[in-house]
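Colleague: What follows is coords19.cif, made up of mmCIF, C-alpha atoms:
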```cif
data_input
loop_
_atom_site.label_atom_id
_atom_site.label_comp_id
_atom_site.auth_asym_id
_atom_site.auth_seq_id
_atom_site.Cartn_x
_atom_site.Cartn_y
_atom_site.Cartn_z
CA MET A 9 123.84 -141.33 -59.73
CA ALA A 10 121.19 -141.60 -62.45
CA PRO A 11 121.06 -139.17 -65.40
CA LYS A 12 118.08 -136.79 -65.29
CA VAL A 13 115.46 -138.13 -67.70
CA ILE A 14 112.61 -135.93 -68.97
CA PRO A 15 109.64 -137.25 -66.94
CA VAL A 16 106.61 -138.81 -68.61
CA LYS A 17 103.37 -138.78 -66.64
CA SER A 18 101.46 -142.05 -66.48
CA ASP A 19 97.91 -142.45 -67.75
CA GLU A 20 95.63 -142.81 -64.74
CA ASN A 21 93.27 -145.45 -66.10
CA LEU A 22 94.22 -149.00 -66.95
CA PRO A 23 92.55 -149.98 -70.23
CA GLU A 24 90.36 -153.07 -70.06
CA ALA A 25 91.43 -154.32 -73.48
CA VAL A 26 93.85 -153.39 -76.28
CA ASP A 27 95.22 -155.18 -79.31
CA VAL A 28 98.84 -155.16 -78.05
CA VAL A 29 100.61 -154.73 -74.71
CA VAL A 30 104.26 -153.66 -74.84
CA ILE A 31 106.33 -154.59 -71.79
CA GLY A 32 109.13 -152.09 -71.19
CA GLY A 33 109.44 -148.33 -71.55
CA GLY A 34 112.94 -148.10 -72.98
CA ILE A 35 113.72 -147.00 -76.52
CA ILE A 36 112.67 -150.36 -78.03
CA GLY A 37 109.34 -150.42 -76.19
CA VAL A 38 108.37 -146.80 -76.86
CA THR A 39 109.26 -146.91 -80.56
CA THR A 40 107.28 -150.15 -80.94
CA ALA A 41 104.28 -148.54 -79.25
CA PHE A 42 104.70 -145.42 -81.39
CA PHE A 43 104.71 -147.26 -84.72
CA LEU A 44 101.83 -149.52 -83.66
CA ALA A 45 99.67 -146.58 -82.51
CA ARG A 46 100.59 -144.61 -85.62
CA ALA A 47 99.29 -147.53 -87.71
CA GLY A 48 95.97 -147.48 -85.85
CA VAL A 49 96.63 -150.43 -83.54
CA SER A 50 95.38 -150.03 -79.95
CA VAL A 51 98.33 -150.46 -77.62
CA ALA A 52 99.22 -150.13 -73.95
CA LEU A 53 102.81 -149.74 -72.85
CA CYS A 54 103.55 -151.01 -69.33
CA GLU A 55 106.74 -149.88 -67.59
CA LYS A 56 107.59 -151.04 -64.07
CA GLY A 57 109.44 -147.80 -63.33
CA VAL A 58 109.75 -144.66 -65.44
CA ILE A 59 110.10 -144.17 -69.18
CA GLY A 60 113.74 -144.45 -70.26
CA GLY A 61 114.86 -144.97 -66.68
CA GLU A 62 117.46 -147.64 -67.30
CA GLN A 63 119.94 -148.27 -70.13
CA SER A 64 117.94 -146.23 -72.67
CA SER A 65 118.96 -143.06 -70.79
CA ARG A 66 122.41 -144.32 -69.73
CA ASN A 67 124.00 -145.30 -73.04
CA TRP A 68 126.53 -143.36 -75.13
CA GLY A 69 123.93 -141.76 -77.41
CA TRP A 70 125.64 -142.87 -80.64
CA THR A 71 123.39 -143.42 -83.67
CA ARG A 72 125.69 -145.22 -86.07
CA VAL A 73 125.97 -147.78 -88.79
CA MET A 74 129.78 -147.64 -88.97
CA GLY A 75 131.46 -150.72 -87.55
CA ARG A 76 128.26 -152.69 -87.04
CA ASP A 77 127.94 -156.42 -87.52
CA GLU A 78 126.78 -156.91 -91.12
CA ARG A 79 123.61 -158.60 -89.84
CA GLU A 80 122.64 -155.32 -88.15
CA LEU A 81 123.44 -153.01 -91.06
CA PRO A 82 119.99 -152.94 -92.73
CA LEU A 83 118.39 -152.29 -89.33
CA GLY A 84 121.01 -149.64 -88.55
CA MET A 85 120.39 -147.89 -91.87
CA SER A 86 116.63 -147.98 -91.31
CA SER A 87 117.14 -146.54 -87.82
CA LEU A 88 119.44 -143.76 -88.98
CA ASN A 89 116.85 -142.67 -91.54
CA LEU A 90 114.23 -142.64 -88.79
CA TRP A 91 116.50 -140.76 -86.36
CA ARG A 92 116.84 -138.00 -88.96
CA GLU A 93 113.03 -137.70 -88.96
CA MET A 94 112.42 -138.34 -85.27
CA ASN A 95 112.10 -134.70 -84.16
CA ARG A 96 109.50 -134.16 -86.88
CA LEU A 97 107.71 -137.47 -86.29
CA THR A 98 107.40 -136.88 -82.55
CA GLY A 99 107.03 -133.10 -82.64
CA ARG A 100 109.70 -132.97 -79.93
CA GLU A 101 113.43 -132.61 -79.42
CA THR A 102 115.23 -135.96 -79.30
CA GLY A 103 118.68 -134.42 -79.50
CA PHE A 104 119.51 -136.00 -82.85
CA ARG A 105 122.35 -134.33 -84.73
CA GLN A 106 124.07 -135.71 -87.83
CA CYS A 107 127.56 -134.94 -86.55
CA GLY A 108 129.51 -137.81 -88.09
CA ILE A 109 131.54 -140.44 -86.23
CA LEU A 110 135.29 -141.01 -86.42
CA TYR A 111 137.02 -144.23 -85.40
CA ALA A 112 140.73 -143.75 -84.71
CA CYS A 113 143.12 -146.69 -85.12
CA ASP A 114 146.32 -147.14 -83.15
CA ASN A 115 147.92 -149.80 -85.33
CA GLU A 116 147.85 -151.49 -88.72
CA LYS A 117 145.80 -154.44 -87.43
CA GLN A 118 142.94 -152.14 -86.37
CA LEU A 119 143.20 -150.19 -89.61
CA ASN A 120 143.00 -153.39 -91.67
CA GLU A 121 139.85 -154.38 -89.79
CA PHE A 122 138.28 -151.08 -90.82
CA ARG A 123 139.50 -151.47 -94.39
CA ASN A 124 137.68 -154.80 -94.46
CA TRP A 125 134.59 -153.23 -92.93
CA LYS A 126 134.68 -150.44 -95.53
CA ASP A 127 134.42 -153.11 -98.24
CA ILE A 128 131.16 -154.22 -96.61
CA ALA A 129 129.99 -150.61 -96.25
CA ASP A 130 130.62 -149.97 -99.94
CA ARG A 131 128.29 -152.85 -100.82
CA TYR A 132 125.55 -151.16 -98.79
CA GLN A 133 126.41 -147.73 -100.27
CA ILE A 134 127.36 -146.38 -96.84
CA GLN A 135 129.64 -143.39 -97.38
CA THR A 136 132.81 -143.88 -95.32
CA THR A 137 136.29 -142.38 -95.73
CA LEU A 138 139.64 -143.87 -94.74
CA LEU A 139 141.99 -141.26 -93.24
CA ASP A 140 145.71 -141.20 -92.65
CA GLY A 141 147.14 -140.76 -89.18
CA ALA A 142 147.72 -137.00 -89.44
CA ARG A 143 144.17 -136.25 -90.65
CA THR A 144 142.74 -138.55 -87.97
CA ALA A 145 144.63 -136.70 -85.22
CA GLU A 146 143.56 -133.34 -86.65
CA MET A 147 139.86 -134.32 -86.67
CA ALA A 148 140.17 -135.84 -83.20
CA ALA A 149 140.54 -132.53 -81.34
CA GLY A 150 144.10 -131.98 -82.55
CA SER A 151 145.22 -135.10 -80.73
CA GLN A 152 148.84 -135.52 -79.76
CA ARG A 153 148.49 -139.29 -80.02
CA THR A 154 150.09 -141.06 -82.96
CA PHE A 155 147.29 -142.77 -84.88
CA GLN A 156 147.86 -145.20 -87.72
CA GLY A 157 144.72 -143.92 -89.42
CA GLY A 158 140.97 -143.70 -89.07
CA LEU A 159 137.57 -144.32 -90.61
CA PHE A 160 134.96 -141.55 -90.79
CA CYS A 161 131.24 -141.81 -91.54
CA GLY A 162 129.71 -138.37 -91.95
CA THR A 163 126.11 -139.63 -92.02
CA ASP A 164 126.26 -141.15 -88.51
CA GLY A 165 125.11 -139.06 -85.61
CA ARG A 166 124.11 -138.75 -81.98
CA ALA A 167 120.91 -138.28 -79.99
CA GLU A 168 120.18 -137.56 -76.34
CA PRO A 169 119.32 -140.65 -74.28
CA THR A 170 117.72 -138.56 -71.51
CA MET A 171 115.29 -137.01 -74.00
CA ALA A 172 114.59 -139.48 -76.78
CA ALA A 173 112.53 -142.24 -75.13
CA SER A 174 110.38 -139.65 -73.36
CA ALA A 175 109.73 -137.77 -76.62
CA VAL A 176 108.70 -140.96 -78.44
CA ALA A 177 106.47 -142.09 -75.56
CA GLU A 178 104.58 -138.78 -75.51
CA ALA A 179 104.17 -138.97 -79.30
CA ALA A 180 102.87 -142.55 -79.01
CA ARG A 181 100.27 -141.31 -76.52
CA GLU A 182 99.19 -138.59 -78.97
CA HIS A 183 98.53 -141.37 -81.48
CA GLY A 184 96.34 -143.19 -78.96
CA ALA A 185 98.72 -145.41 -76.96
CA ALA A 186 98.18 -145.80 -73.22
CA ILE A 187 101.45 -145.07 -71.36
CA LEU A 188 101.45 -146.73 -67.94
CA THR A 189 104.43 -146.17 -65.64
CA HIS A 190 104.95 -147.84 -62.24
CA CYS A 191 102.85 -150.62 -63.73
CA ALA A 192 104.81 -153.87 -63.79
CA VAL A 193 103.51 -156.78 -65.81
CA ARG A 194 103.61 -159.77 -63.51
CA ALA A 195 102.62 -162.52 -65.93
CA LEU A 196 101.04 -163.42 -69.25
CA ASP A 197 97.43 -164.59 -69.29
CA HIS A 198 96.67 -167.60 -71.48
CA GLN A 199 93.50 -169.00 -72.94
CA GLY A 200 93.14 -171.80 -75.50
CA GLY A 201 96.89 -172.15 -75.91
CA ARG A 202 97.66 -168.52 -76.71
CA ILE A 203 97.95 -165.14 -75.03
CA SER A 204 94.67 -163.59 -73.92
CA GLY A 205 96.07 -160.75 -71.80
CA VAL A 206 98.55 -159.69 -69.16
CA ILE A 207 98.31 -159.48 -65.38
CA THR A 208 99.78 -156.22 -64.11
CA GLU A 209 100.21 -155.01 -60.56
CA ARG A 210 97.21 -152.74 -61.23
CA GLY A 211 94.99 -155.40 -62.78
CA ARG A 212 94.37 -157.35 -65.98
CA ILE A 213 94.53 -156.01 -69.55
CA ARG A 214 93.00 -158.17 -72.26
CA CYS A 215 95.06 -158.41 -75.47
CA SER A 216 95.97 -160.91 -78.17
CA THR A 217 99.63 -159.90 -78.58
CA VAL A 218 102.43 -158.96 -76.17
CA VAL A 219 105.81 -157.48 -77.11
CA LEU A 220 108.52 -158.19 -74.55
CA ALA A 221 111.05 -155.32 -74.64
CA GLY A 222 112.22 -155.42 -71.02
CA GLY A 223 115.94 -154.86 -71.54
CA ALA A 224 118.03 -156.33 -68.75
CA TRP A 225 114.87 -157.74 -67.11
CA SER A 226 113.68 -159.72 -70.13
CA ARG A 227 115.48 -162.95 -69.26
CA LEU A 228 113.97 -163.01 -65.76
CA PHE A 229 110.46 -162.38 -67.10
CA GLY A 230 110.91 -164.98 -69.84
CA ARG A 231 112.17 -167.60 -67.40
CA ASN A 232 108.96 -167.33 -65.35
CA GLU A 233 107.01 -167.93 -68.57
CA GLY A 234 109.10 -170.97 -69.52
CA ILE A 235 111.31 -169.27 -72.13
CA ASN A 236 115.10 -169.44 -71.85
CA LEU A 237 116.41 -166.17 -73.30
CA PRO A 238 120.21 -166.25 -73.63
CA ALA A 239 121.43 -162.95 -72.17
CA LEU A 240 123.99 -161.78 -69.66
CA ASN A 241 123.95 -158.34 -68.09
CA VAL A 242 127.09 -156.24 -68.55
CA LEU A 243 127.80 -152.93 -66.81
CA GLY A 244 128.50 -149.84 -68.91
CA SER A 245 129.75 -146.57 -67.37
CA VAL A 246 129.56 -142.97 -68.61
CA MET A 247 130.86 -139.61 -67.34
CA ARG A 248 129.50 -136.20 -68.36
CA VAL A 249 131.99 -133.30 -68.36
CA ASP A 250 131.95 -129.59 -69.18
CA ASN A 251 134.48 -126.73 -69.47
CA VAL A 252 135.81 -128.11 -72.75
CA GLU A 253 136.67 -125.63 -75.52
CA GLY A 254 137.79 -126.46 -79.05
CA ALA A 255 136.82 -130.14 -79.12
CA PRO A 256 135.09 -131.41 -82.27
CA GLU A 257 131.41 -131.72 -83.11
CA GLU A 258 132.18 -135.19 -84.47
CA THR A 259 131.86 -138.15 -82.14
CA VAL A 260 135.22 -139.90 -81.73
CA GLY A 261 136.10 -143.41 -80.58
CA GLY A 262 139.45 -145.12 -80.28
CA SER A 263 140.75 -148.37 -78.87
CA ASP A 264 140.48 -147.15 -75.27
CA PHE A 265 138.41 -143.95 -75.26
CA ALA A 266 135.17 -142.45 -76.56
CA PHE A 267 133.70 -138.95 -76.45
CA ARG A 268 130.72 -137.17 -77.97
CA ARG A 269 129.28 -133.70 -77.59
CA ASN A 270 126.03 -133.51 -75.65
CA ILE A 271 123.15 -131.09 -76.00
CA GLN A 272 124.22 -129.20 -72.85
CA GLY A 273 127.40 -128.15 -74.68
CA GLY A 274 129.75 -130.46 -72.81
CA TYR A 275 130.85 -134.02 -73.59
CA ASN A 276 130.00 -137.56 -72.53
CA ILE A 277 133.12 -139.71 -72.18
CA SER A 278 133.70 -143.42 -71.66
CA ARG A 279 136.40 -146.06 -71.60
CA ARG A 280 135.89 -147.90 -74.89
CA ASN A 281 136.37 -151.65 -75.32
CA ALA A 282 136.11 -152.28 -71.60
CA SER A 283 133.01 -153.37 -69.70
CA VAL A 284 132.42 -154.99 -66.33
CA SER A 285 130.75 -158.39 -66.25
CA GLU A 286 129.52 -159.31 -62.81
CA ILE A 287 129.98 -162.98 -61.91
CA THR A 288 126.52 -164.16 -60.86
CA PRO A 289 124.67 -167.50 -60.70
CA ASP A 290 123.38 -166.77 -64.21
CA SER A 291 126.99 -166.63 -65.45
CA PHE A 292 127.33 -170.32 -64.59
CA ARG A 293 123.86 -171.29 -65.85
CA GLN A 294 124.74 -169.84 -69.26
CA LEU A 295 128.42 -170.77 -69.34
CA ARG A 296 128.05 -173.20 -72.25
CA GLN A 297 126.21 -170.67 -74.43
CA PHE A 298 128.61 -167.83 -73.65
CA ALA A 299 131.93 -169.74 -73.58
CA GLY A 300 132.83 -168.71 -77.14
CA SER A 301 131.91 -165.09 -76.48
CA TYR A 302 134.01 -165.02 -73.31
CA LEU A 303 137.04 -166.37 -75.17
CA LYS A 304 136.62 -163.95 -78.07
CA ASN A 305 136.11 -160.85 -75.91
CA HIS A 306 138.15 -161.68 -72.81
CA LYS A 307 140.43 -158.65 -73.31
CA GLU A 308 137.44 -156.30 -73.22
CA LEU A 309 135.65 -157.85 -70.23
CA ARG A 310 136.58 -157.11 -66.63
CA LEU A 311 135.10 -159.96 -64.59
CA ARG A 312 134.08 -158.94 -61.08
CA LEU A 313 132.76 -160.86 -58.10
CA SER A 314 130.71 -158.61 -55.83
CA ARG A 315 127.47 -158.51 -53.85
CA ALA A 316 125.66 -158.80 -57.20
CA PHE A 317 126.21 -162.58 -56.90
CA LEU A 318 124.26 -162.75 -53.63
CA ASP A 319 121.65 -160.25 -54.84
CA GLU A 320 120.85 -162.44 -57.83
CA TRP A 321 121.04 -165.61 -55.74
CA LYS A 322 118.34 -164.25 -53.40
CA MET A 323 116.11 -162.88 -56.19
CA GLU A 324 112.97 -164.88 -56.95
CA ARG A 325 113.08 -166.82 -60.21
CA ARG A 326 109.47 -168.01 -60.07
CA TRP A 327 106.30 -166.25 -58.94
CA THR A 328 102.54 -166.32 -59.39
CA PRO A 329 100.42 -163.55 -60.95
CA ASP A 330 99.15 -162.51 -57.51
CA SER A 331 102.67 -162.16 -56.06
CA VAL A 332 104.76 -159.03 -55.70
CA THR A 333 107.48 -159.53 -58.31
CA PRO A 334 111.15 -158.51 -58.50
CA PHE A 335 110.05 -155.83 -60.99
CA GLU A 336 108.09 -154.08 -58.24
CA LYS A 337 110.84 -154.47 -55.65
CA ILE A 338 113.47 -152.91 -57.94
CA ARG A 339 111.73 -150.25 -60.03
CA THR A 340 114.94 -148.99 -61.64
CA LEU A 341 118.29 -150.68 -62.07
CA ASP A 342 120.74 -148.03 -60.93
CA PRO A 343 124.12 -149.75 -60.69
CA GLU A 344 127.23 -148.07 -59.40
CA PRO A 345 129.42 -147.19 -62.39
CA SER A 346 132.92 -148.59 -62.74
CA HIS A 347 134.82 -145.67 -61.21
CA GLY A 348 138.13 -147.24 -62.20
CA LEU A 349 137.21 -147.42 -65.88
CA LEU A 350 135.86 -143.86 -65.91
CA GLU A 351 138.96 -142.48 -64.24
CA GLU A 352 141.08 -144.41 -66.74
CA ALA A 353 139.06 -142.89 -69.60
CA ALA A 354 139.46 -139.39 -68.13
CA ARG A 355 143.24 -139.82 -67.82
CA ILE A 356 143.58 -141.06 -71.42
CA ILE A 357 141.41 -138.28 -72.87
CA LYS A 358 143.13 -135.52 -70.87
CA ARG A 359 146.56 -136.87 -71.86
CA ASP A 360 145.88 -137.25 -75.58
CA PHE A 361 143.40 -134.46 -76.40
CA PRO A 362 144.42 -130.91 -75.39
CA PRO A 363 140.89 -129.37 -75.32
CA PHE A 364 139.90 -131.81 -72.56
CA ARG A 365 142.67 -130.86 -70.15
CA THR A 366 140.43 -128.23 -68.54
CA MET A 367 137.38 -130.50 -68.31
CA ARG A 368 135.31 -130.71 -65.13
CA GLU A 369 133.23 -133.69 -64.15
CA VAL A 370 129.50 -132.99 -63.86
CA GLU A 371 128.11 -136.48 -63.18
CA ARG A 372 128.70 -140.18 -63.79
CA TRP A 373 126.42 -143.18 -63.98
CA GLY A 374 126.21 -146.89 -64.75
CA GLY A 375 123.73 -148.92 -66.76
CA MET A 376 123.06 -152.62 -67.33
CA ILE A 377 123.27 -153.91 -70.91
CA ASP A 378 121.62 -157.22 -71.89
CA VAL A 379 124.07 -159.05 -74.17
CA THR A 380 123.38 -162.14 -76.29
CA PRO A 381 126.09 -164.72 -77.10
CA ASP A 382 126.66 -163.20 -80.58
CA ALA A 383 125.93 -159.58 -79.53
CA VAL A 384 123.02 -159.38 -82.02
CA PRO A 385 119.43 -158.90 -80.77
CA ILE A 386 116.47 -161.28 -80.86
CA ILE A 387 113.56 -159.79 -82.82
CA ASP A 388 111.15 -162.62 -83.41
CA ARG A 389 107.95 -164.38 -82.47
CA ALA A 390 108.23 -166.78 -79.53
CA GLU A 391 106.95 -170.00 -81.10
CA LYS A 392 106.46 -171.59 -77.69
CA ILE A 393 103.92 -168.90 -76.68
CA PRO A 394 101.63 -167.86 -79.56
CA GLY A 395 101.02 -164.12 -79.37
CA LEU A 396 104.37 -163.26 -77.74
CA VAL A 397 106.89 -161.22 -79.77
CA LEU A 398 110.45 -160.72 -78.52
CA GLY A 399 112.52 -157.53 -78.83
CA VAL A 400 115.40 -158.36 -76.49
CA GLY A 401 119.17 -158.76 -76.19
CA PHE A 402 120.22 -155.55 -77.91
CA SER A 403 123.76 -155.88 -76.56
CA GLY A 404 124.48 -152.18 -76.15
CA HIS A 405 123.24 -151.29 -79.64
CA GLY A 406 119.59 -150.72 -78.72
CA PHE A 407 119.60 -146.93 -78.64
CA GLY A 408 121.23 -146.55 -82.05
CA ILE A 409 119.09 -149.17 -83.80
CA GLY A 410 116.02 -148.58 -81.61
CA PRO A 411 113.74 -146.77 -84.08
CA GLY A 412 114.31 -149.37 -86.78
CA ALA A 413 113.81 -152.18 -84.28
CA GLY A 414 110.57 -150.64 -83.02
CA LYS A 415 109.29 -150.26 -86.56
CA LEU A 416 110.28 -153.87 -87.37
CA LEU A 417 108.57 -155.19 -84.23
CA SER A 418 105.41 -153.26 -85.10
CA GLU A 419 105.44 -154.84 -88.58
CA ILE A 420 105.91 -158.34 -87.16
CA VAL A 421 102.98 -157.75 -84.79
CA ARG A 422 100.78 -156.48 -87.64
CA ASN A 423 101.87 -159.38 -89.87
CA VAL A 424 102.75 -157.08 -92.77
CA THR A 425 105.75 -157.04 -95.11
CA THR A 426 108.72 -155.93 -93.02
CA SER A 427 110.99 -153.01 -93.88
CA VAL A 428 114.02 -155.13 -92.87
CA ASP A 429 114.46 -158.90 -93.19
CA PRO A 430 114.23 -160.21 -89.60
CA ALA A 431 115.89 -163.57 -90.36
CA SER A 432 119.22 -162.52 -88.79
CA PHE A 433 117.45 -161.85 -85.48
CA SER A 434 115.76 -165.25 -85.19
CA PHE A 435 115.41 -166.75 -81.71
CA ASN A 436 116.04 -170.19 -83.22
CA ARG A 437 119.70 -169.41 -83.96
CA PHE A 438 120.47 -170.13 -80.30
CA ARG A 439 118.86 -173.56 -80.22
#
```
Kindly return the structure encoded in the file as C-alpha cells.
Modeller:
Amino acid sequence: MAPKVIPVKSDENLPEAVDVVVIGGGIIGVTTAFFLARAGVSVALCEKGVIGGEQSSRNWGWTRVMGRDERELPLGMSSLNLWREMNRLTGRETGFRQCGILYACDNEKQLNEFRNWKDIADRYQIQTTLLDGARTAEMAAGSQRTFQGGLFCGTDGRAEPTMAASAVAEAAREHGAAILTHCAVRALDHQGGRISGVITERGRIRCSTVVLAGGAWSRLFGRNEGINLPALNVLGSVMRVDNVEGAPEETVGGSDFAFRRNIQGGYNISRRNASVSEITPDSFRQLRQFAGSYLKNHKELRLRLSRAFLDEWKMERRWTPDSVTPFEKIRTLDPEPSHGLLEEAARIIKRDFPPFRTMREVERWGGMIDVTPDAVPIIDRAEKIPGLVLGVGFSGHGFGIGPGAGKLLSEIVRNVTTSVDPASFSFNRFR
C-alpha cells in the first residue's frame, strides 16, 4: 500500500527547448528544479510517474545531521538550514518541525561511537548533548528499557514525505519550471559529442544540460547510456500508527527501533538497522564493488531471494529512443514492505514504550533505496557525457539532505561557486 501523496498536476504542453532537463520527480529532482528556476534558468522536470511517488514519499521523514558520515555533514547542515526556510520559500506546508532527534544506546560500545561522533560534531559547531541512561529513558517516552545513554541534537527535525516534494514542485513551477508527470525520458540526445536534448515518451526537448536524479531507476537509465553507476536497491519499510498518547515530540531511534510524530498526530515507526536486500542479477554484477559493504553491514542486511530476481532478469537493459522503456511499464515502484520487520518493530516499541501499547496500525508501505558502496551519494558531472550531471545514490539519506543536494546540483549546473564542496561526492571515487 502506497502512502497518499499530495497530487501535482502535470503541465499539458511539452516545451520545445529549455536550458536544463531534470530526470526524476523525487525530492532531489524537485529541489534541483526549484533552485534552477529560482535563479532564472529555464528548466523542465520529467517524471515517469507522479511527483514524490517512490522513496521520497516512503522514507522516515527525518531531517538530521546527527550521526551522519562526516563527508555528508556540510551538505546536511546546508539542508537543515533550508528545511527551516522551506515553508516560506515554497509558500506551502512541507511538514517541517524542529523537534530534535534522540539516539538511544543500549551498551557502552554504541555510546562510545556517539562520543566519538560528538567530537566531530563539536568541530562543526553542531550542538549535541550526551545523556545518561535515566535521562535517555525519560526523554524516550518514559521507556522501561535500560539504556546506557543517549545523544540528543535539538536542532534536527522532521518533515512530511507525502507533502514536501509536491510543495517544492509547485513552487518550482511558480518560478517558471515545467513540471511534466507521466513523461518518461527514454534517452539522451547527442550532437557534436555532447548533450543536445532528451527523447521523452511525449517527444523531444532540446537542452544543453541534463540532471539525472532518478533514484532507484538511475542505474538502469545510466547503463543504457553507457555509464556504470554503482548502486544496489534496498527495501525499507514503514508503518503509520495512531491512538498513541503521551509519546514525545522528539524523534527517537535506537539499535532496533525508530519512531517519529507525523503531522496527522500519530507516529511513523520502523525497525532500525535492518533492511531487506533482494538477491538479483545486479547483486552478482556488482559483487566486487559491494563486497566490503556487505561484510561491514551484514548484521543489518536481510538477504532475500524472491521473484525480484526473475523480474530483474526479464527487464530490458538496453533500448532505443523509439522503444517503450521499463520506466513506462512500471510507473511507480511499489514494493511489498517487509511485514516481518514491521511486526518486529511494533513488538519492540509496544514492549519498551508504554504510550505505544494502545497504538493502532493505520497503514504500512515499502520503498526502494538506491545505495552506493560507501553509502554516500554521487553529486558530480559525468565526464563521459558532457552536459550530464549526476544526483544519484543517496543511500536512504536523500530526503534529509535533499534541499542542500538540490541547491548544490543547481550550482554545479550553473557553474558558479558552490555552497558546499562537492569533492566528497565525486563519481571518480568508485573507479
Colleague: Choose the residue, out of A:Ile271, A:Leu313, A:Ala41, A:Val49, that has the smallest atom-to-atom separation from Ala179 in chain A; count only C-alpha atoms.
Modeller: A:Ala41
Colleague: (122.0, -138.2, -87.0) in this file's frame - what residues fall within 9 Å of it? Use all atoms listed in the file and give the answer as a tab-separated table (two decimals) with C-alpha atoms, in the coordinates of the input.
Modeller:
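Below you can see point15.tsv, which holds the result:
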```
chain	number	residue	atom	x	y	z
A	70	TRP	CA	125.64	-142.87	-80.64
A	71	THR	CA	123.39	-143.42	-83.67
A	72	ARG	CA	125.69	-145.22	-86.07
A	88	LEU	CA	119.44	-143.76	-88.98
A	89	ASN	CA	116.85	-142.67	-91.54
A	91	TRP	CA	116.50	-140.76	-86.36
A	92	ARG	CA	116.84	-138.00	-88.96
A	104	PHE	CA	119.51	-136.00	-82.85
A	105	ARG	CA	122.35	-134.33	-84.73
A	106	GLN	CA	124.07	-135.71	-87.83
A	107	CYS	CA	127.56	-134.94	-86.55
A	108	GLY	CA	129.51	-137.81	-88.09
A	163	THR	CA	126.11	-139.63	-92.02
A	164	ASP	CA	126.26	-141.15	-88.51
A	165	GLY	CA	125.11	-139.06	-85.61
A	166	ARG	CA	124.11	-138.75	-81.98
A	167	ALA	CA	120.91	-138.28	-79.99
```
Colleague: Might you pull out every residue within 6 Å of range 182-195 of chain A, with only C-alpha atoms counted and same-chain residues fewer than 6 positions away left off, and present them as a ChimeraX atom specification?
Modeller: /A:18-19,45-46,51-58,206-209,329
Colleague: Would you please work out which residue, of A:Asn236, A:Gln199, A:Thr333, A:Ser263, is nearest to Leu119 in chain A when using all atoms listed in the file?
Modeller: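 Closest to Leu119 in chain A, using all atoms listed in the file: A:Ser263.
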Colleague: Once the PyMOL selection byres ((chain A and resi 153-161) around 9) has been evaluated on this model, what residues remain selected, and can you format them as a ChimeraX atom specification?
Modeller: /A:72-74,108-116,118-119,122-123,126,134-145,150-152,162-165,359-361
Colleague: Can I get the selection written as a compact mmCIF listing (two decimals), in the coordinates of the input, with C-alpha atoms?
Modeller:
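Generated output (part_2.txt):
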```
# COMPACT_ATOMS: atom_id res chain seq x y z
CA ARG A 72 125.69 -145.22 -86.07
CA VAL A 73 125.97 -147.78 -88.79
CA MET A 74 129.78 -147.64 -88.97
CA GLY A 108 129.51 -137.81 -88.09
CA ILE A 109 131.54 -140.44 -86.23
CA LEU A 110 135.29 -141.01 -86.42
CA TYR A 111 137.02 -144.23 -85.40
CA ALA A 112 140.73 -143.75 -84.71
CA CYS A 113 143.12 -146.69 -85.12
CA ASP A 114 146.32 -147.14 -83.15
CA ASN A 115 147.92 -149.80 -85.33
CA GLU A 116 147.85 -151.49 -88.72
CA GLN A 118 142.94 -152.14 -86.37
CA LEU A 119 143.20 -150.19 -89.61
CA PHE A 122 138.28 -151.08 -90.82
CA ARG A 123 139.50 -151.47 -94.39
CA LYS A 126 134.68 -150.44 -95.53
CA ILE A 134 127.36 -146.38 -96.84
CA GLN A 135 129.64 -143.39 -97.38
CA THR A 136 132.81 -143.88 -95.32
CA THR A 137 136.29 -142.38 -95.73
CA LEU A 138 139.64 -143.87 -94.74
CA LEU A 139 141.99 -141.26 -93.24
CA ASP A 140 145.71 -141.20 -92.65
CA GLY A 141 147.14 -140.76 -89.18
CA ALA A 142 147.72 -137.00 -89.44
CA ARG A 143 144.17 -136.25 -90.65
CA THR A 144 142.74 -138.55 -87.97
CA ALA A 145 144.63 -136.70 -85.22
CA GLY A 150 144.10 -131.98 -82.55
CA SER A 151 145.22 -135.10 -80.73
CA GLN A 152 148.84 -135.52 -79.76
CA GLY A 162 129.71 -138.37 -91.95
CA THR A 163 126.11 -139.63 -92.02
CA ASP A 164 126.26 -141.15 -88.51
CA GLY A 165 125.11 -139.06 -85.61
CA ARG A 359 146.56 -136.87 -71.86
CA ASP A 360 145.88 -137.25 -75.58
CA PHE A 361 143.40 -134.46 -76.40
```
Colleague: To one decimal in Å, tell me the separation between CA of Asp378 in chain A and CA of Leu350 in chain A.
Modeller: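 CA of Leu350 in chain A lies 20.4 Å from CA of Asp378 in chain A.
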Colleague: When the PyMOL selection byres ((chain A and resi 411-423) around 9) is applied to the structure above, which residues does it catch, written out as JSON, numbers by chain?
Modeller: {"A": [28, 35, 36, 37, 38, 39, 40, 41, 42, 43, 44, 47, 49, 82, 83, 84, 85, 86, 87, 88, 89, 90, 91, 94, 217, 218, 219, 387, 388, 389, 395, 397, 398, 399, 406, 407, 408, 409, 410, 424, 425, 426, 427, 428, 429, 430]}
Colleague: Find the residue from A:Ser245, A:Ser403, A:Thr380, A:Asn251 that sits nearest to Pro11 in chain A; use all atoms listed in the file when measuring.
Modeller: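 The closest residue to Pro11 in chain A is A:Ser245.
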Colleague: Around the point (121.5, -161.7, -70.3) in the file's coordinates, collect all residues with an atom within 6 Å, using only C-alpha atoms, and return them as a ChimeraX atom specification.
Modeller: /A:238-241,378-379
Colleague: Kindly indicate which residue among A:Gly230, A:Gly201, A:Gly374, A:Pro256 lies nearest to His347 in chain A, using all atoms listed in the file for the distances.
Modeller: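 Result for the nearest residue to His347 in chain A: A:Gly374.
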Colleague: Counting all atoms listed in the file, which residue out of A:Ala177, A:Glu168, A:Leu22, A:Asp127 sits closest to Leu97 in chain A?
Modeller: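 Of the candidates, the smallest distance to Leu97 in chain A is held by A:Ala177.
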Colleague: What's the separation between CA of Ala172 in chain A and CA of Pro15 in chain A, in Å to one decimal place?
Modeller: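 Taking CA of Ala172 in chain A and CA of Pro15 in chain A, their separation equals 11.2 Å.
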Colleague: Would you please work out which residue, of A:Ala173, A:Ile356, A:Val370, A:Met9, is nearest to Val252 in chain A when using only C-alpha atoms?
Modeller: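 Under the stated criterion, the closest residue is A:Val370.
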Colleague: Quick check on the file I pasted: which residues fall under the PyMOL selection byres ((chain A and resi 367) around 12)? Write them as a PyMOL selection string.
Modeller: chain A and resi 247-255+274-277+354-355+357-359+361-366+368-370
